[in-house]
>>> print(open('my_file-v5.txt').read())   # compact mmCIF, C-alpha atoms
# COMPACT_ATOMS: atom_id res chain seq x y z
CA LEU B 1 -191.98 59.38 -16.59
CA ALA B 2 -192.19 61.46 -19.74
CA LYS B 3 -195.16 60.86 -22.00
CA THR B 4 -194.90 61.88 -25.65
CA LYS B 5 -197.88 62.22 -27.98
CA LEU B 6 -197.81 63.02 -31.70
CA THR B 7 -200.98 64.41 -33.22
CA TRP B 8 -201.67 65.34 -36.81
CA THR B 9 -204.41 67.38 -38.37
CA ALA B 10 -205.32 66.86 -42.01
CA PHE B 11 -207.86 69.07 -43.76
CA LYS B 12 -210.93 68.46 -45.88
CA THR B 13 -213.69 70.41 -47.64
CA PRO B 14 -213.39 73.86 -49.19
CA ASP B 15 -213.82 75.32 -45.67
CA LYS B 16 -210.65 73.47 -44.56
CA VAL B 17 -212.22 71.47 -41.75
CA GLY B 18 -209.55 69.82 -39.58
CA VAL B 19 -209.47 66.05 -39.06
CA PRO B 20 -207.24 65.17 -36.08
CA GLY B 21 -205.49 61.90 -35.37
CA SER B 22 -202.35 60.20 -34.16
CA PHE B 23 -200.50 56.89 -34.43
CA ASP B 24 -200.67 54.15 -31.79
CA GLU B 25 -197.14 52.90 -32.44
CA ILE B 26 -194.24 55.32 -32.29
CA GLN B 27 -190.77 54.20 -31.25
CA LEU B 28 -188.38 56.74 -29.75
CA LYS B 29 -184.67 56.06 -29.48
CA GLY B 30 -182.47 58.99 -28.55
CA ASN B 31 -183.27 61.76 -31.01
CA GLU B 32 -184.68 59.35 -33.62
CA PHE B 33 -188.20 58.07 -34.12
CA ILE B 34 -190.10 55.48 -36.15
CA ILE B 35 -193.83 55.85 -36.84
CA ASN B 36 -195.83 52.81 -37.97
CA THR B 37 -198.45 54.26 -40.34
CA LYS B 38 -200.50 51.05 -40.10
CA THR B 39 -201.38 52.19 -36.54
CA VAL B 40 -203.03 55.45 -37.68
CA ASN B 41 -205.77 56.41 -35.22
CA SER B 42 -208.35 59.13 -35.89
CA ASN B 43 -210.93 57.69 -33.46
CA ASN B 44 -212.97 56.53 -36.45
CA ASP B 45 -212.42 52.93 -37.62
CA ILE B 46 -213.91 53.50 -41.08
CA ARG B 47 -211.71 56.58 -41.64
CA ASP B 48 -208.63 54.75 -40.34
CA GLU B 49 -209.17 51.89 -42.81
CA LYS B 50 -209.51 54.40 -45.66
CA LEU B 51 -206.34 56.19 -44.55
CA LYS B 52 -204.42 52.89 -44.47
CA THR B 53 -205.83 51.56 -47.76
CA PHE B 54 -205.92 54.69 -49.91
CA PHE B 55 -203.33 57.04 -48.39
CA PHE B 56 -200.56 55.15 -46.59
CA ASN B 57 -200.60 52.12 -48.93
CA ASN B 58 -199.84 54.53 -51.78
CA LEU B 59 -196.60 55.64 -50.13
CA SER B 60 -193.38 53.70 -50.73
CA ASP B 61 -193.01 52.57 -47.09
CA SER B 62 -195.32 51.85 -44.15
CA LEU B 63 -192.92 53.63 -41.80
CA ILE B 64 -192.22 57.32 -41.35
CA THR B 65 -188.80 57.77 -39.80
CA GLY B 66 -186.91 60.79 -38.67
CA SER B 67 -184.85 62.64 -36.16
CA TYR B 68 -184.61 66.00 -34.50
CA GLY B 69 -181.72 68.33 -33.83
CA VAL B 70 -180.76 71.07 -31.41
CA VAL B 71 -183.16 73.82 -30.41
CA ALA B 72 -182.13 77.37 -31.35
CA ASP B 73 -184.16 80.57 -31.17
CA GLY B 74 -187.48 78.81 -30.58
CA LYS B 75 -187.00 76.44 -33.54
CA ILE B 76 -185.99 72.80 -33.78
CA PRO B 77 -184.84 71.05 -36.96
CA VAL B 78 -186.96 67.95 -37.61
CA THR B 79 -185.97 65.56 -40.40
CA LEU B 80 -188.68 63.30 -41.82
CA LYS B 81 -188.32 60.40 -44.25
CA MET B 82 -191.57 59.55 -45.98
CA ASN B 83 -192.40 58.12 -49.40
CA GLY B 84 -188.70 57.60 -50.09
CA MET B 85 -187.89 61.28 -49.62
CA VAL B 86 -186.04 63.06 -46.81
CA LYS B 87 -186.73 66.64 -45.83
CA THR B 88 -185.76 68.79 -42.84
CA PHE B 89 -188.16 71.36 -41.40
CA ASP B 90 -187.69 74.10 -38.83
CA PHE B 91 -190.57 73.43 -36.45
CA ASP B 92 -191.62 75.71 -33.60
CA PHE B 93 -190.38 74.75 -30.13
CA ALA B 94 -192.05 75.88 -26.90
CA GLU B 95 -191.39 74.74 -23.35
CA ASN B 96 -192.91 75.40 -19.96
CA ASP B 97 -192.91 73.71 -16.55
CA SER B 98 -195.33 70.97 -17.55
CA SER B 99 -194.64 70.26 -21.22
CA THR B 100 -192.56 70.67 -24.35
CA VAL B 101 -194.41 71.33 -27.62
CA VAL B 102 -193.00 70.97 -31.11
CA SER B 103 -195.27 72.02 -33.97
CA GLY B 104 -195.12 72.60 -37.68
CA SER B 105 -196.64 71.78 -41.03
CA ILE B 106 -195.72 69.58 -43.98
CA ASP B 107 -197.11 69.37 -47.49
CA ILE B 108 -197.75 65.89 -48.84
CA LEU B 109 -197.29 67.04 -52.45
CA SER B 110 -194.45 69.56 -52.45
CA ASP B 111 -192.43 68.00 -49.61
CA PHE B 112 -192.91 64.26 -50.21
CA SER B 113 -194.27 63.81 -53.77
CA GLY B 114 -197.31 62.03 -52.34
CA ASN B 115 -199.48 62.66 -55.40
CA ALA B 116 -200.70 59.05 -55.69
CA ALA B 117 -201.60 58.89 -52.00
CA LEU B 118 -203.39 62.24 -51.97
CA GLU B 119 -205.28 61.48 -55.19
CA ALA B 120 -206.38 58.06 -53.88
CA ILE B 121 -207.69 59.36 -50.54
CA SER B 122 -209.31 62.34 -52.30
CA GLU B 123 -211.15 60.02 -54.69
CA ALA B 124 -212.15 57.57 -51.93
CA CYS B 125 -213.56 60.39 -49.79
CA LYS B 126 -214.81 62.68 -52.57
CA GLU B 127 -218.35 63.10 -51.20
CA LEU B 128 -217.30 63.43 -47.55
CA HIS B 129 -214.62 65.98 -48.47
CA LEU B 130 -216.91 67.93 -50.83
CA ASN B 131 -214.29 67.38 -53.58
CA LYS B 132 -211.48 69.01 -51.57
CA THR B 133 -208.66 67.26 -49.71
CA TRP B 134 -205.85 69.59 -48.70
CA SER B 135 -202.19 68.63 -49.14
CA ASP B 136 -200.90 70.32 -45.98
CA VAL B 137 -200.87 68.50 -42.64
CA SER B 138 -200.20 70.09 -39.26
CA LEU B 139 -198.04 68.14 -36.83
CA LYS B 140 -197.71 68.58 -33.09
CA VAL B 141 -195.66 66.66 -30.55
CA VAL B 142 -196.35 67.21 -26.88
CA GLU B 143 -194.10 65.76 -24.21
CA MET B 144 -195.48 65.96 -20.70
CA LYS B 145 -192.84 66.40 -18.00
>>> encode(input="my_file-v5.txt", output="structure tokens")
Amino acid sequence: LAKTKLTWTAFKTPDKVGVPGSFDEIQLKGNEFIINTKTVNSNNDIRDEKLKTFFFNNLSDSLITGSYGVVADGKIPVTLKMNGMVKTFDFDFAENDSSTVVSGSIDILSDFSGNAALEAISEACKELHLNKTWSDVSLKVVEMK
């Protein structure tokens, strides 16, 4: 049975320290997916509450939806709908005997106009982030075969 795991890495502090996490509820149907942002999981309950309250509640929808297309030349088109905006990215695609890995990066500001969400989480975590919350987020999906 295939097992699929989405992980994200957001960044904080001027040194760009990575903060990893995932979502506990992701529905897959064919080449489409639905991510429930209320199930954000960074293995830190206090951080997860801040992410829900200050970041995801400042987006227009509690779901991130999307789909993926056909692999070509080590790339796969991934379409994401977040904060009322739709954008398609060419993510990297790698496959071996045990897994398939899709990875790429999005920018909360330039790709999804998430200014309110980024400003709110930046303000809420100002001391912890040393006044720096980055707008780019790395995404990685691993499917074990």
>>> closest_residue(input="my_file-v5.txt", among="B:Lys145, B:Lys132, B:Lys75, B:Lys52", to="B:Phe91", atoms="all atoms listed in the file")
B:Lys75
>>> closest_residue(input="my_file-v5.txt", among="B:Glu32, B:Ile76, B:Phe112, B:Gly66", to="B:Ala94", atoms="only C-alpha atoms")
B:Ile76
>>> closest_residue(input="my_file-v5.txt", among="B:Asn96, B:Asn31, B:Asn115, B:Thr7", to="B:Phe56", atoms="only C-alpha atoms")
B:Asn115
>>> atom_distance(input="my_file-v5.txt", atom1="atom CA of B:Ile64", atom2="atom CA of B:Val141")
14.7 Å
>>> residues_around(input="my_file-v5.txt", residues="B:Gln27", least_positions_apart="4", cutoff="12 Å", atoms="all atoms listed in the file", output="PDB file with C-alpha atoms, in the coordinates of the input")
ATOM      1  CA  THR B   4    -194.900  61.880 -25.650  1.00  0.00           C
ATOM      2  CA  LYS B   5    -197.880  62.220 -27.980  1.00  0.00           C
ATOM      3  CA  LEU B   6    -197.810  63.020 -31.700  1.00  0.00           C
ATOM      4  CA  PHE B  23    -200.500  56.890 -34.430  1.00  0.00           C
ATOM      5  CA  ASN B  31    -183.270  61.760 -31.010  1.00  0.00           C
ATOM      6  CA  GLU B  32    -184.680  59.350 -33.620  1.00  0.00           C
ATOM      7  CA  PHE B  33    -188.200  58.070 -34.120  1.00  0.00           C
ATOM      8  CA  ILE B  34    -190.100  55.480 -36.150  1.00  0.00           C
ATOM      9  CA  ILE B  35    -193.830  55.850 -36.840  1.00  0.00           C
ATOM     10  CA  ASN B  36    -195.830  52.810 -37.970  1.00  0.00           C
ATOM     11  CA  THR B  37    -198.450  54.260 -40.340  1.00  0.00           C
ATOM     12  CA  LEU B  63    -192.920  53.630 -41.800  1.00  0.00           C
ATOM     13  CA  ILE B  64    -192.220  57.320 -41.350  1.00  0.00           C
ATOM     14  CA  THR B  65    -188.800  57.770 -39.800  1.00  0.00           C
ATOM     15  CA  GLY B  66    -186.910  60.790 -38.670  1.00  0.00           C
ATOM     16  CA  SER B  67    -184.850  62.640 -36.160  1.00  0.00           C
TER      17      SER B  67
END
>>> closest_residue(input="my_file-v5.txt", among="B:Phe54, B:Lys38, B:Ala116, B:Arg47", to="B:Leu128", atoms="only C-alpha atoms")
B:Arg47
>>> closest_residue(input="my_file-v5.txt", among="B:Thr79, B:Asn57, B:Thr133, B:Ser98", to="B:Val17", atoms="only C-alpha atoms")
B:Thr133
>>> closest_residue(input="my_file-v5.txt", among="B:Val19, B:Val70, B:Val102, B:Leu59", to="B:Leu139", atoms="all atoms listed in the file")
B:Val102
>>> residues_near_point(input="my_file-v5.txt", point="(-200.4, 71.1, -42.1)", cutoff="12 Å", atoms="all atoms listed in the file", output="compact mmCIF listing (two decimals) with C-alpha atoms, keeping the file's coordinate frame")
# COMPACT_ATOMS: atom_id res chain seq x y z
CA THR B 7 -200.98 64.41 -33.22
CA TRP B 8 -201.67 65.34 -36.81
CA THR B 9 -204.41 67.38 -38.37
CA ALA B 10 -205.32 66.86 -42.01
CA PHE B 11 -207.86 69.07 -43.76
CA LYS B 12 -210.93 68.46 -45.88
CA LYS B 16 -210.65 73.47 -44.56
CA VAL B 17 -212.22 71.47 -41.75
CA GLY B 18 -209.55 69.82 -39.58
CA VAL B 19 -209.47 66.05 -39.06
CA PRO B 20 -207.24 65.17 -36.08
CA PHE B 91 -190.57 73.43 -36.45
CA SER B 103 -195.27 72.02 -33.97
CA GLY B 104 -195.12 72.60 -37.68
CA SER B 105 -196.64 71.78 -41.03
CA ILE B 106 -195.72 69.58 -43.98
CA ASP B 107 -197.11 69.37 -47.49
CA ILE B 108 -197.75 65.89 -48.84
CA LEU B 109 -197.29 67.04 -52.45
CA ASP B 111 -192.43 68.00 -49.61
CA THR B 133 -208.66 67.26 -49.71
CA TRP B 134 -205.85 69.59 -48.70
CA SER B 135 -202.19 68.63 -49.14
CA ASP B 136 -200.90 70.32 -45.98
CA VAL B 137 -200.87 68.50 -42.64
CA SER B 138 -200.20 70.09 -39.26
CA LEU B 139 -198.04 68.14 -36.83
CA LYS B 140 -197.71 68.58 -33.09
>>> atom_distance(input="my_file-v5.txt", atom1="atom CA of B:Thr39", atom2="atom CA of B:Leu51")
10.2 Å
>>> atom_distance(input="my_file-v5.txt", atom1="atom CA of B:Asp61", atom2="atom CA of B:Glu123")
21.0 Å
>>> residues_near_point(input="my_file-v5.txt", point="(-191.5, 59.1, -50.7)", cutoff="8 Å", atoms="all atoms listed in the file", output="list in words")
Leu59, Ser60, Asp61, Lys81, Met82, Asn83, Gly84, Met85, Val86, Phe112, Ser113 and Gly114 of chain B
>>> residues_around(input="my_file-v5.txt", residues="B:Thr100", least_positions_apart="5", cutoff="7 Å", atoms="only C-alpha atoms", output="MDAnalysis selection string")
chainID B and resid 94:95 142:144
